[in-house]
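Reproduced below: data_0.txt, with compact mmCIF, C-alpha atoms and all ligand atoms.
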# COMPACT_ATOMS: atom_id res chain seq x y z
CA MET N 11 0.00 0.00 0.00
CA ASP N 12 1.52 3.38 -0.94
CA SER N 13 1.57 6.20 1.59
CA GLU N 14 -1.42 8.05 0.17
CA ALA N 15 -3.55 4.89 0.13
CA LEU N 16 -2.46 4.08 3.67
CA PHE N 17 -3.52 7.52 4.89
CA SER N 18 -6.89 7.30 3.14
CA ASP N 19 -7.48 3.82 4.57
CA VAL N 20 -6.71 4.94 8.15
CA LEU N 21 -8.80 8.11 7.77
CA ALA N 22 -11.75 6.11 6.44
CA LYS N 23 -11.52 3.63 9.32
CA TYR N 24 -11.37 6.48 11.84
CA SER N 25 -14.45 7.95 10.20
CA ASP N 26 -16.34 4.67 10.12
CA HIS N 27 -15.32 3.14 13.43
CA LEU N 28 -13.47 5.56 15.74
CA ASN N 29 -14.33 9.24 15.71
CA PRO N 30 -15.05 11.02 12.43
CA TYR N 31 -15.03 14.46 14.03
CA LEU N 32 -11.64 14.03 15.66
CA ALA N 33 -10.37 12.53 12.40
CA LYS N 34 -11.42 15.68 10.55
CA LEU N 35 -9.69 17.90 13.10
CA MET N 36 -6.47 15.91 12.97
CA ALA N 37 -6.40 15.81 9.19
CA PHE N 38 -7.03 19.57 9.10
CA GLY N 39 -4.11 20.09 11.49
CA GLY N 40 -1.84 18.31 9.02
CA PHE N 41 -1.26 15.23 11.16
CA GLY N 42 -0.41 12.07 9.26
CA VAL N 43 -0.18 8.47 10.43
CA GLU N 44 2.51 7.83 13.03
CA MET N 45 4.65 4.94 11.79
CA GLU N 46 7.90 4.97 13.76
CA ALA N 47 9.27 6.82 16.77
CA GLU N 48 12.65 6.88 18.42
CA GLY N 49 14.22 9.32 20.85
CA CYS N 50 12.80 12.77 20.16
CA VAL N 51 11.69 11.98 16.62
CA ILE N 52 8.40 10.70 15.15
CA VAL N 53 8.18 9.54 11.52
CA ASP N 54 4.88 9.63 9.65
CA HIS N 55 3.49 7.59 6.75
CA GLU N 56 5.19 9.83 4.19
CA GLY N 57 8.56 9.37 5.84
CA ARG N 58 8.47 12.91 7.24
CA SER N 59 10.33 13.34 10.54
CA PHE N 60 9.07 15.53 13.38
CA ILE N 61 10.82 16.64 16.54
CA ASP N 62 8.28 15.69 19.18
CA CYS N 63 7.67 18.82 21.22
CA LEU N 64 4.33 17.55 22.41
CA GLY N 65 5.89 14.52 24.04
CA GLY N 66 2.58 12.67 24.33
CA TYR N 67 1.37 15.47 26.68
CA GLY N 68 4.19 14.62 29.06
CA THR N 69 4.41 10.87 28.44
CA PHE N 70 7.70 10.74 26.56
CA ALA N 71 10.06 12.11 29.20
CA LEU N 72 12.62 9.48 28.18
CA GLY N 73 11.86 9.94 24.50
CA HIS N 74 10.31 7.22 22.39
CA ARG N 75 11.32 3.59 22.89
CA HIS N 76 14.15 4.21 25.31
CA PRO N 77 16.35 1.10 24.85
CA ARG N 78 16.56 0.31 28.56
CA VAL N 79 12.81 0.45 29.03
CA VAL N 80 12.19 -1.57 25.86
CA ALA N 81 14.72 -4.18 27.02
CA ALA N 82 13.13 -4.39 30.48
CA VAL N 83 9.67 -4.91 28.98
CA LYS N 84 10.92 -7.49 26.44
CA ASN N 85 12.71 -9.36 29.19
CA GLN N 86 9.59 -9.33 31.35
CA LEU N 87 7.50 -10.56 28.42
CA ASP N 88 9.69 -13.66 28.21
CA HIS N 89 8.71 -14.59 31.78
CA MET N 90 5.22 -13.28 32.51
CA ALA N 91 3.13 -10.50 30.98
CA LEU N 92 0.06 -9.57 33.01
CA SER N 93 -0.17 -10.44 36.67
CA GLY N 94 -2.25 -13.31 37.96
CA LYS N 95 -3.39 -10.93 40.71
CA ALA N 96 -3.93 -13.75 43.22
CA PHE N 97 -0.13 -14.13 43.49
CA PHE N 98 2.36 -11.64 44.86
CA SER N 99 4.09 -9.52 42.20
CA LYS N 100 7.80 -8.87 42.61
CA GLN N 101 7.65 -6.14 39.95
CA ALA N 102 4.86 -4.23 41.72
CA ALA N 103 6.60 -4.61 45.09
CA ASP N 104 9.91 -3.33 43.68
CA LEU N 105 8.34 -0.40 41.85
CA ALA N 106 6.32 0.70 44.89
CA THR N 107 9.49 0.61 46.99
CA ASN N 108 11.50 2.58 44.43
CA LEU N 109 8.73 5.15 44.09
CA ALA N 110 8.59 5.63 47.86
CA GLU N 111 12.32 6.43 47.77
CA VAL N 112 11.89 9.31 45.31
CA ALA N 113 8.47 10.55 46.45
CA PRO N 114 8.02 13.67 48.60
CA PRO N 115 8.46 13.08 52.36
CA GLY N 116 5.64 11.10 53.97
CA ILE N 117 4.42 9.55 50.70
CA GLU N 118 5.15 5.85 51.10
CA TYR N 119 2.37 3.81 49.50
CA SER N 120 1.25 3.22 45.91
CA PHE N 121 -1.93 2.02 44.26
CA PHE N 122 -1.20 1.07 40.64
CA CYS N 123 -3.56 1.77 37.76
CA ASN N 124 -3.31 2.45 34.05
CA SER N 125 -3.91 6.15 33.45
CA GLY N 126 -3.95 9.61 34.94
CA ALA N 127 -7.71 9.77 35.27
CA GLU N 128 -7.74 6.48 37.18
CA ALA N 129 -5.09 7.82 39.54
CA VAL N 130 -7.22 10.91 40.15
CA GLU N 131 -10.33 8.77 40.68
CA ALA N 132 -8.47 6.79 43.33
CA ALA N 133 -7.31 9.98 45.05
CA LEU N 134 -10.86 11.39 45.19
CA LYS N 135 -12.24 8.12 46.51
CA PHE N 136 -9.54 7.77 49.17
CA ALA N 137 -10.03 11.39 50.25
CA LYS N 138 -13.77 10.89 50.65
CA GLY N 139 -13.34 7.57 52.42
CA TYR N 140 -10.65 8.82 54.78
CA THR N 141 -12.31 12.07 55.79
CA GLY N 142 -15.96 11.00 55.52
CA ARG N 143 -16.56 14.36 53.81
CA VAL N 144 -17.91 15.27 50.40
CA LYS N 145 -16.63 18.69 49.35
CA ILE N 146 -13.67 18.81 46.94
CA VAL N 147 -12.12 22.19 46.17
CA SER N 148 -10.53 22.39 42.73
CA THR N 149 -9.28 25.16 40.46
CA GLU N 150 -10.63 26.90 37.38
CA GLY N 151 -8.81 25.88 34.21
CA SER N 152 -7.60 22.64 35.79
CA TYR N 153 -7.47 19.32 33.99
CA HIS N 154 -7.73 16.08 35.94
CA GLY N 155 -9.18 13.70 33.34
CA LYS N 156 -12.47 12.89 31.66
CA THR N 157 -13.88 9.94 33.63
CA LEU N 158 -16.89 11.03 35.66
CA GLY N 159 -15.15 11.68 39.01
CA ALA N 160 -12.08 13.33 37.50
CA LEU N 161 -14.37 15.32 35.21
CA ALA N 162 -16.33 16.60 38.22
CA VAL N 163 -13.17 18.35 39.47
CA THR N 164 -11.89 19.44 36.05
CA GLY N 165 -12.18 23.20 35.81
CA ARG N 166 -13.70 23.58 32.38
CA GLU N 167 -17.46 23.89 32.08
CA LYS N 168 -17.39 22.91 28.40
CA TYR N 169 -16.36 19.34 29.26
CA ARG N 170 -18.66 18.99 32.26
CA LYS N 171 -22.00 20.52 31.45
CA ARG N 172 -23.59 17.83 29.29
CA TYR N 173 -22.91 15.13 31.86
CA ALA N 174 -24.48 16.69 34.95
CA PRO N 175 -25.12 15.73 37.63
CA LEU N 176 -21.52 14.68 38.22
CA MET N 177 -19.98 13.68 41.56
CA PRO N 178 -21.49 16.17 44.03
CA GLY N 179 -19.45 18.54 46.18
CA ALA N 180 -16.97 19.99 43.67
CA GLU N 181 -16.24 23.70 44.02
CA PHE N 182 -13.89 25.80 41.92
CA VAL N 183 -11.62 28.68 42.86
CA PRO N 184 -9.26 30.65 40.61
CA PHE N 185 -5.89 28.91 40.16
CA GLY N 186 -3.01 30.65 41.90
CA ASP N 187 -5.28 32.56 44.26
CA ALA N 188 -4.38 31.20 47.71
CA SER N 189 -6.83 33.51 49.50
CA ALA N 190 -9.75 32.16 47.44
CA ALA N 191 -8.70 28.59 48.28
CA GLU N 192 -8.34 29.47 51.97
CA ALA N 193 -11.85 30.87 51.94
CA ALA N 194 -13.24 27.73 50.24
CA ILE N 195 -11.49 25.09 52.36
CA ASP N 196 -13.47 24.46 55.55
CA GLY N 197 -14.52 21.75 57.98
CA SER N 198 -16.68 20.05 55.32
CA THR N 199 -13.83 19.76 52.80
CA ALA N 200 -12.52 16.28 52.00
CA ALA N 201 -9.68 17.60 49.82
CA MET N 202 -8.27 20.34 47.70
CA ILE N 203 -7.01 18.99 44.37
CA VAL N 204 -4.48 21.05 42.44
CA GLU N 205 -1.84 20.80 39.74
CA PRO N 206 1.45 22.38 40.83
CA ILE N 207 1.65 23.89 37.33
CA GLN N 208 -1.51 23.79 35.24
CA GLY N 209 -0.76 21.87 32.06
CA GLU N 210 -3.91 21.83 29.97
CA GLY N 211 -4.92 25.15 31.53
CA GLY N 212 -2.07 26.68 29.51
CA ILE N 213 1.21 26.02 31.40
CA VAL N 214 0.20 28.30 34.26
CA VAL N 215 2.76 28.68 37.05
CA PRO N 216 1.25 29.78 40.39
CA PRO N 217 2.86 32.47 42.56
CA ASP N 218 5.57 31.43 45.03
CA GLY N 219 4.14 30.23 48.31
CA TYR N 220 0.86 29.08 46.76
CA LEU N 221 1.22 25.39 47.59
CA SER N 222 2.42 26.15 51.14
CA ARG N 223 -0.70 28.19 51.80
CA LEU N 224 -2.91 25.42 50.43
CA ARG N 225 -1.05 22.93 52.65
CA ALA N 226 -1.63 25.10 55.71
CA ALA N 227 -5.32 25.66 54.94
CA CYS N 228 -5.90 21.92 54.47
CA ASP N 229 -4.06 21.14 57.72
CA GLN N 230 -6.08 23.73 59.60
CA HIS N 231 -9.38 22.13 58.59
CA GLY N 232 -8.41 18.45 58.49
CA ALA N 233 -8.77 18.37 54.70
CA LEU N 234 -6.38 16.44 52.42
CA LEU N 235 -4.15 18.03 49.81
CA ILE N 236 -4.11 16.15 46.50
CA ILE N 237 -1.32 17.37 44.24
CA ASP N 238 -1.96 16.06 40.74
CA GLU N 239 1.47 15.43 39.21
CA VAL N 240 0.19 13.28 36.35
CA GLN N 241 1.76 15.73 33.88
CA THR N 242 4.44 17.48 35.97
CA GLY N 243 5.85 14.36 37.64
CA PHE N 244 9.19 12.66 36.96
CA GLY N 245 11.38 15.61 36.07
CA ARG N 246 9.15 17.52 33.67
CA SER N 247 9.31 20.77 35.67
CA GLY N 248 13.03 20.53 36.45
CA TYR N 249 12.23 18.79 39.76
CA MET N 250 11.46 15.12 40.26
CA PHE N 251 8.04 16.36 41.43
CA ALA N 252 7.06 19.98 40.93
CA CYS N 253 5.83 20.30 44.54
CA GLU N 254 9.42 19.76 45.74
CA ARG N 255 10.31 23.28 44.69
CA ASP N 256 7.97 24.62 47.37
CA GLY N 257 8.97 21.97 49.90
CA VAL N 258 5.34 20.90 50.13
CA SER N 259 4.24 17.26 50.47
CA PRO N 260 0.73 16.27 49.48
CA ASP N 261 -1.36 13.64 51.25
CA LEU N 262 -2.24 12.01 47.94
CA LEU N 263 -0.24 12.14 44.72
CA PRO N 264 -1.77 10.97 41.41
CA LEU N 265 0.89 10.02 38.86
CA ALA N 266 0.92 8.54 35.32
CA LYS N 267 2.20 9.59 31.89
CA ALA N 268 6.02 9.51 32.16
CA LEU N 269 5.99 6.71 34.76
CA GLY N 270 5.66 4.04 32.07
CA GLY N 271 8.74 5.39 30.29
CA GLY N 272 6.76 6.07 27.13
CA VAL N 273 6.63 2.31 26.55
CA MET N 274 3.80 1.04 28.77
CA PRO N 275 0.65 2.69 30.13
CA LEU N 276 1.06 3.01 33.90
CA GLY N 277 -0.50 5.17 36.59
CA ALA N 278 -0.05 5.29 40.33
CA MET N 279 -1.85 6.98 43.17
CA MET N 280 0.60 7.47 45.99
CA GLY N 281 -0.27 8.47 49.53
CA THR N 282 0.57 8.39 53.19
CA ARG N 283 0.57 5.26 55.34
CA GLU N 284 -2.24 6.69 57.46
CA ILE N 285 -4.62 7.13 54.53
CA PHE N 286 -3.82 3.76 52.95
CA ASP N 287 -4.23 2.11 56.36
CA SER N 288 -7.59 3.74 56.82
CA ILE N 289 -8.87 2.59 53.41
CA PHE N 290 -7.44 -0.94 53.27
CA SER N 291 -7.62 -1.99 56.93
CA ALA N 292 -11.41 -1.85 56.62
CA ASN N 293 -11.35 -3.80 53.35
CA PRO N 294 -8.12 -4.97 51.63
CA ILE N 295 -9.83 -4.81 48.25
CA ALA N 296 -11.67 -1.53 48.81
CA HIS N 297 -10.00 -0.33 45.62
CA SER N 298 -8.53 -2.52 42.89
CA SER N 299 -7.80 -2.79 39.19
CA THR N 300 -7.46 -5.88 37.01
CA PHE N 301 -4.64 -4.53 34.89
CA GLY N 302 -3.20 -2.01 37.37
CA GLY N 303 0.28 -2.96 38.50
CA ASN N 304 0.77 -5.62 35.83
CA ALA N 305 4.26 -7.02 35.49
CA LEU N 306 5.02 -5.49 32.08
CA ALA N 307 4.01 -1.98 33.16
CA CYS N 308 5.87 -2.25 36.47
CA ALA N 309 9.01 -3.50 34.70
CA ALA N 310 8.77 -0.38 32.51
CA GLY N 311 8.30 1.81 35.61
CA ILE N 312 11.31 0.33 37.38
CA ALA N 313 13.52 0.89 34.33
CA THR N 314 12.13 4.42 33.90
CA LEU N 315 13.16 5.50 37.41
CA GLU N 316 16.64 4.05 36.80
CA VAL N 317 17.02 5.94 33.53
CA ILE N 318 15.85 9.22 35.11
CA ARG N 319 18.51 8.79 37.80
CA ASP N 320 21.37 7.48 35.59
CA GLU N 321 20.88 10.03 32.81
CA ASN N 322 20.37 12.94 35.18
CA LEU N 323 17.12 13.80 33.49
CA VAL N 324 15.77 16.03 36.25
CA GLN N 325 18.76 18.32 35.99
CA LYS N 326 18.72 18.11 32.18
CA SER N 327 15.12 19.24 32.22
CA GLN N 328 16.14 22.34 34.14
CA VAL N 329 19.10 23.19 31.89
CA GLN N 330 17.48 22.39 28.53
CA GLY N 331 14.25 24.00 29.69
CA GLU N 332 16.03 27.29 30.31
CA LEU N 333 17.62 27.11 26.84
CA LEU N 334 14.27 26.42 25.20
CA LYS N 335 12.44 29.13 27.12
CA LYS N 336 15.13 31.69 26.36
CA GLY N 337 15.18 30.79 22.65
CA LEU N 338 11.40 30.95 22.34
CA ALA N 339 11.27 34.24 24.24
CA GLU N 340 13.87 35.75 21.91
CA ALA N 341 11.89 34.68 18.86
CA CYS N 342 8.73 36.12 20.45
CA SER N 343 10.42 39.45 21.21
CA ARG N 344 10.48 40.06 17.44
CA HIS N 345 6.69 39.59 17.34
CA SER N 346 5.45 41.25 20.50
CA ASP N 347 2.14 42.06 18.80
CA LEU N 348 1.39 38.36 18.43
CA VAL N 349 2.67 36.96 21.71
CA SER N 350 1.68 37.95 25.21
CA GLU N 351 3.92 35.68 27.32
CA VAL N 352 6.45 32.84 27.36
CA ARG N 353 6.41 30.94 30.63
CA GLY N 354 6.96 27.62 32.33
CA ARG N 355 9.39 25.56 34.33
CA GLY N 356 11.85 22.94 33.17
CA LEU N 357 10.77 21.40 29.88
CA MET N 358 7.18 22.47 30.35
CA VAL N 359 7.03 25.70 28.42
CA GLY N 360 4.02 27.61 27.15
CA VAL N 361 3.75 30.45 24.65
CA GLU N 362 0.58 32.50 25.03
CA PHE N 363 -0.62 34.37 21.96
CA ALA N 364 -2.50 37.62 22.03
CA MET N 365 -5.30 36.30 19.80
CA ASP N 366 -7.16 32.99 19.57
CA GLU N 367 -6.46 32.16 15.90
CA VAL N 368 -2.68 32.56 16.06
CA GLY N 369 -2.00 29.29 17.90
CA GLU N 370 -3.60 27.15 15.22
CA LEU N 371 -1.72 28.93 12.42
CA VAL N 372 1.61 28.59 14.22
CA VAL N 373 0.97 24.87 14.87
CA ALA N 374 0.39 24.36 11.14
CA GLN N 375 3.57 26.30 10.29
CA LEU N 376 5.58 24.28 12.79
CA MET N 377 4.22 20.96 11.52
CA LYS N 378 5.26 22.04 8.01
CA ARG N 379 8.79 22.51 9.38
CA GLY N 380 8.92 19.15 11.12
CA ILE N 381 8.11 20.26 14.67
CA CYS N 382 5.18 18.57 16.40
CA VAL N 383 3.38 20.78 18.94
CA ALA N 384 -0.19 21.41 20.06
CA TYR N 385 -2.10 23.97 22.02
CA ALA N 386 -3.30 23.41 25.58
CA LEU N 387 -6.68 21.67 25.81
CA ASN N 388 -8.25 24.23 28.14
CA ASN N 389 -6.61 27.26 26.61
CA PRO N 390 -6.16 27.27 22.82
CA ARG N 391 -4.22 30.54 23.03
CA VAL N 392 -1.30 28.68 24.57
CA LEU N 393 1.13 26.58 22.55
CA ARG N 394 2.79 24.04 24.79
CA PHE N 395 6.28 22.67 24.36
CA GLU N 396 6.90 19.47 26.32
CA PRO N 397 9.68 17.65 24.46
CA PRO N 398 11.45 14.57 25.85
CA LEU N 399 13.85 15.45 28.67
CA ILE N 400 16.63 13.91 26.55
CA ILE N 401 16.28 16.62 23.88
CA SER N 402 19.69 17.78 22.61
CA THR N 403 20.85 21.38 22.30
CA ALA N 404 20.97 21.00 18.50
CA GLN N 405 17.35 19.88 18.49
CA ILE N 406 16.35 22.82 20.71
CA ASP N 407 18.10 25.17 18.27
CA GLN N 408 16.13 23.63 15.43
CA VAL N 409 12.85 24.05 17.34
CA VAL N 410 13.64 27.67 18.16
CA ASP N 411 14.67 28.52 14.57
CA SER N 412 11.55 26.88 13.18
CA PHE N 413 9.39 28.67 15.74
CA GLY N 414 10.89 32.03 14.69
CA GLU N 415 10.16 31.26 11.03
CA ALA N 416 6.65 30.06 11.87
CA LEU N 417 5.93 33.30 13.73
CA THR N 418 7.21 35.42 10.86
CA GLU N 419 5.15 33.53 8.31
CA THR N 420 2.05 33.72 10.53
CA ALA N 421 2.54 37.47 10.98
CA GLU N 422 2.76 37.89 7.20
CA LEU N 423 -0.37 35.83 6.69
CA LEU N 424 -2.26 37.90 9.25
CA THR N 425 -1.26 41.18 7.59
CA MET N 426 -2.62 39.86 4.31
CA LEU N 427 -5.91 38.92 5.98
CA VAL N 428 -6.57 42.29 7.66
C1 LIG N 501 -2.72 16.94 35.45
C2 LIG N 501 -3.45 15.83 34.76
N1 LIG N 501 -4.21 15.00 35.48
C3 LIG N 501 -4.87 13.98 34.92
C4 LIG N 501 -4.80 13.76 33.55
C5 LIG N 501 -5.57 12.62 32.94
O1 LIG N 501 -4.68 11.63 32.49
P1 LIG N 501 -5.13 10.53 31.43
O2 LIG N 501 -5.31 11.21 30.12
O3 LIG N 501 -3.99 9.54 31.44
O4 LIG N 501 -6.38 9.92 31.95
C6 LIG N 501 -4.02 14.61 32.76
C7 LIG N 501 -3.95 14.42 31.30
O5 LIG N 501 -3.51 15.24 30.54
C8 LIG N 501 -3.33 15.67 33.38
O6 LIG N 501 -2.57 16.51 32.66

Would you give me this structure, written as structure tokens?
Amino acid sequence: MDSEALFSDVLAKYSDHLNPYLAKLMAFGGFGVEMEAEGCVIVDHEGRSFIDCLGGYGTFALGHRHPRVVAAVKNQLDHMALSGKAFFSKQAADLATNLAEVAPPGIEYSFFCNSGAEAVEAALKFAKGYTGRVKIVSTEGSYHGKTLGALAVTGREKYRKRYAPLMPGAEFVPFGDASAAEAAIDGSTAAMIVEPIQGEGGIVVPPDGYLSRLRAACDQHGALLIIDEVQTGFGRSGYMFACERDGVSPDLLPLAKALGGGVMPLGAMMGTREIFDSIFSANPIAHSSTFGGNALACAAGIATLEVIRDENLVQKSQVQGELLKKGLAEACSRHSDLVSEVRGRGLMVGVEFAMDEVGELVVAQLMKRGICVAYALNNPRVLRFEPPLIISTAQIDQVVDSFGEALTETAELLTMLV
């Protein structure tokens, strides 16, 4: 099948059996069929290469198909794939132990699942069970997933409204506004759930001291603090966990994306001994998952933590992130009419445009130049750059140069239109 026929075949099957509307959007955005991926590069059905600056929305911290993670999974496959569940799992036991070693102080236990939304669901359930309370304070613009519980605390009305009534008790306060959160957290609050940096909200970094004030307000009222590090976790922000920068430990810590090393789907909901004791002492199977903690995924997770440590990826994220942010900011300074801000931490960088339409045009221009990016789900004005933490300086230069060209071409196009 030649490349054109292959594309048409996939598009037709998407239209007939997956999601015709998403298919249309993706085709319009110039996305082809992903055929191969290695390191920071994705190759499509036409043999075109793209530097992956989307990074699977934070999944590909180690790049695509990191050889150590692939080897660990292949090796595991030769012995046992999915867990029997009735038996003990050495892989799950080892991964939980290794996670406890790198987790923020006090976070010692893991519940394994398969995705970010599942990790958030577990956190909400544990918070309600532990406190016996209903109210969950969340933030506007937040993204915690699209399953019904996670959706109930996701701060975008557009996703929620058709599915009401959702889990009761969710309240929203502006992100970054500690006083608003302090006013909302009270004796009826089970938990405050917050991203340390909003990802889908548009790479929004809260003011210094924000997490500490949330921690104090939760402590004052006996509420739990859930810090959702599904996207920021494992080095993305230049810290192993973004909450480390503020020296704040959560009570519950949903994780996913990068944990599987970009090779296996894997989520975890970590928490304190006290909370896990409270939930599981009453019923050891109060929460469970058939596939969660399977041997293949845990083997990937174990190898991922080793690679992050051995390749110094947390520090690399800080250094390469600064380079990327500086380069993008320089390119933007030549187009200050188009761009309102460049911001972020580590290799989680957002460019906010002054107008809605610009983001889409710049994405198309970047795709044309072999750079894969997307805008933030909850804020289409923000282009997000979340490349693998292994990205080289030469690749960053290429991204920055292409971004500069894309901005120039977009500016020219806009002048022709007005
Ligand atoms: C902070 C955060 N929480 C939860 C999720 C949901 O994760 P998943 O798509 O794996 O269900 C996401 C996904 O982007 C996220 O960014």

Which distance in Å separates atom CA of Glu181 of chain N and atom CA of Asn389 of chain N, to one decimal?
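The value is 20.2 Å.
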
Any idea what the distance is between atom CA of Asn124 of chain N and atom CA of Thr164 of chain N?
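Those two atoms sit 19.1 Å apart.
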
May I have the residues within 8 Å of ligand LIG 501 (chain N), computed using only C-alpha atoms and all ligand atoms, as a VMD selection string?
chain N and resid 67 to 68 124 to 130 152 to 157 160 205 208 to 210 238 to 242 264 to 267 277

For the residues in that selection, give me C-alpha atoms as a PDB file, keeping the file's coordinate frame.
ATOM      1  CA  TYR N  67       1.370  15.470  26.680  1.00  0.00           C
ATOM      2  CA  GLY N  68       4.190  14.620  29.060  1.00  0.00           C
ATOM      3  CA  ASN N 124      -3.310   2.450  34.050  1.00  0.00           C
ATOM      4  CA  SER N 125      -3.910   6.150  33.450  1.00  0.00           C
ATOM      5  CA  GLY N 126      -3.950   9.610  34.940  1.00  0.00           C
ATOM      6  CA  ALA N 127      -7.710   9.770  35.270  1.00  0.00           C
ATOM      7  CA  GLU N 128      -7.740   6.480  37.180  1.00  0.00           C
ATOM      8  CA  ALA N 129      -5.090   7.820  39.540  1.00  0.00           C
ATOM      9  CA  VAL N 130      -7.220  10.910  40.150  1.00  0.00           C
ATOM     10  CA  SER N 152      -7.600  22.640  35.790  1.00  0.00           C
ATOM     11  CA  TYR N 153      -7.470  19.320  33.990  1.00  0.00           C
ATOM     12  CA  HIS N 154      -7.730  16.080  35.940  1.00  0.00           C
ATOM     13  CA  GLY N 155      -9.180  13.700  33.340  1.00  0.00           C
ATOM     14  CA  LYS N 156     -12.470  12.890  31.660  1.00  0.00           C
ATOM     15  CA  THR N 157     -13.880   9.940  33.630  1.00  0.00           C
ATOM     16  CA  ALA N 160     -12.080  13.330  37.500  1.00  0.00           C
ATOM     17  CA  GLU N 205      -1.840  20.800  39.740  1.00  0.00           C
ATOM     18  CA  GLN N 208      -1.510  23.790  35.240  1.00  0.00           C
ATOM     19  CA  GLY N 209      -0.760  21.870  32.060  1.00  0.00           C
ATOM     20  CA  GLU N 210      -3.910  21.830  29.970  1.00  0.00           C
ATOM     21  CA  ASP N 238      -1.960  16.060  40.740  1.00  0.00           C
ATOM     22  CA  GLU N 239       1.470  15.430  39.210  1.00  0.00           C
ATOM     23  CA  VAL N 240       0.190  13.280  36.350  1.00  0.00           C
ATOM     24  CA  GLN N 241       1.760  15.730  33.880  1.00  0.00           C
ATOM     25  CA  THR N 242       4.440  17.480  35.970  1.00  0.00           C
ATOM     26  CA  PRO N 264      -1.770  10.970  41.410  1.00  0.00           C
ATOM     27  CA  LEU N 265       0.890  10.020  38.860  1.00  0.00           C
ATOM     28  CA  ALA N 266       0.920   8.540  35.320  1.00  0.00           C
ATOM     29  CA  LYS N 267       2.200   9.590  31.890  1.00  0.00           C
ATOM     30  CA  GLY N 277      -0.500   5.170  36.590  1.00  0.00           C
TER      31      GLY N 277
END

Tell me which of N:Ala133, N:Val361, N:Cys123, N:Ala193 sits closest to Leu269 of chain N, counting only C-alpha atoms.
N:Cys123

So that I can check the surroundings of Ala307 of chain N, please list as an NGL selection string every protein, DNA and RNA residue that reaches within 12 Å of it, counting only C-alpha atoms and ignoring chain neighbours fewer than 3 positions away.
:N and (79-80 or 82-84 or 86-87 or 90-93 or 99 or 101-102 or 105 or 122-125 or 266-278 or 301-304 or 310-314)

So how many Å separate atom CA of Gly360 of chain N and atom CA of Phe244 of chain N, to one decimal?
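Between atom CA of Gly360 of chain N and atom CA of Phe244 of chain N the gap works out to 18.6 Å.
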
Shell of 9 Å around Tyr24 of chain N, only C-alpha atoms, local chain residues under 6 positions omitted, as a list in words:
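The filter keeps Pro30, Leu32 and Ala33 of chain N.
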
With the cut-off set at 12 Å and counting only C-alpha atoms, tabulate each residue of segment 119-172 of chain N with an atom at most that distance from an atom of segment 226-229 of chain N, showing the nearest atom pair and its distance in Å to one decimal, ordered by chain and increasing number, as a Markdown table.
| residue | atom | partner | partner_atom | distance |
| --- | --- | --- | --- | --- |
| N:Thr141 | CA | N:Cys228 | CA | 11.8 |
| N:Ile146 | CA | N:Cys228 | CA | 11.3 |
| N:Val147 | CA | N:Cys228 | CA | 10.4 |

Using all atoms listed in the file, collect all residues at a distance of at most 6 Å from (5.9, 15.1, 49.6) as written in the file, then present them as a PDB file with C-alpha atoms, in the frame of the given file.
ATOM      1  CA  PRO N 114       8.020  13.670  48.600  1.00  0.00           C
ATOM      2  CA  PRO N 115       8.460  13.080  52.360  1.00  0.00           C
ATOM      3  CA  GLY N 116       5.640  11.100  53.970  1.00  0.00           C
ATOM      4  CA  ILE N 117       4.420   9.550  50.700  1.00  0.00           C
ATOM      5  CA  VAL N 258       5.340  20.900  50.130  1.00  0.00           C
ATOM      6  CA  SER N 259       4.240  17.260  50.470  1.00  0.00           C
ATOM      7  CA  PRO N 260       0.730  16.270  49.480  1.00  0.00           C
TER       8      PRO N 260
END

Selection as a list of chain:residue names: residues within 12 Å of (-16.3, 28.9, 52.0), counting all atoms listed in the file:
N:Lys145, N:Ile146, N:Val147, N:Glu181, N:Phe182, N:Val183, N:Ser189, N:Ala190, N:Ala191, N:Glu192, N:Ala193, N:Ala194, N:Ile195, N:Asp196, N:Gly197, N:Ser198, N:Thr199, N:Ala227, N:His231

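All residues of protein, DNA or RNA that reach within 6 Å of Ala364 of chain N, judged by all atoms listed in the file and not counting those fewer than 4 positions away in the chain, are Leu348, Val349 and Ser350 of chain N.
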
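The closest residue to Gly331 of chain N, picked from N:Arg225, N:Arg355, N:Arg283, N:Arg143 and counting only C-alpha atoms, is N:Arg355.
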
Using only C-alpha atoms, which residues sit within 9 Å of Gln325 of chain N once same-chain residues fewer than 2 positions away are excluded, as a PyMOL selection string?
chain N and resi 245+248-249+322-323+327-330+356

Excluding Leu234 of chain N and its own-chain neighbours fewer than 6 positions away, which residues fall within 8 Å of it when counting only C-alpha atoms? Please give them as a list in words.
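My list of contacting residues is Ala137, Ala200, Ala201, Met202, Cys228, Pro260, Asp261 and Leu262 of chain N.
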
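Shortest separation to Val373 of chain N among N:Glu118, N:Val352, N:Phe41, N:Ile318 occurs at residue N:Phe41, atoms counted being all atoms listed in the file.
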
Looking at only C-alpha atoms, which of N:Leu387, N:Leu376, N:Met358, N:Cys382 is the one that sits closest to Thr420 of chain N?
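Closest candidate: N:Leu376.
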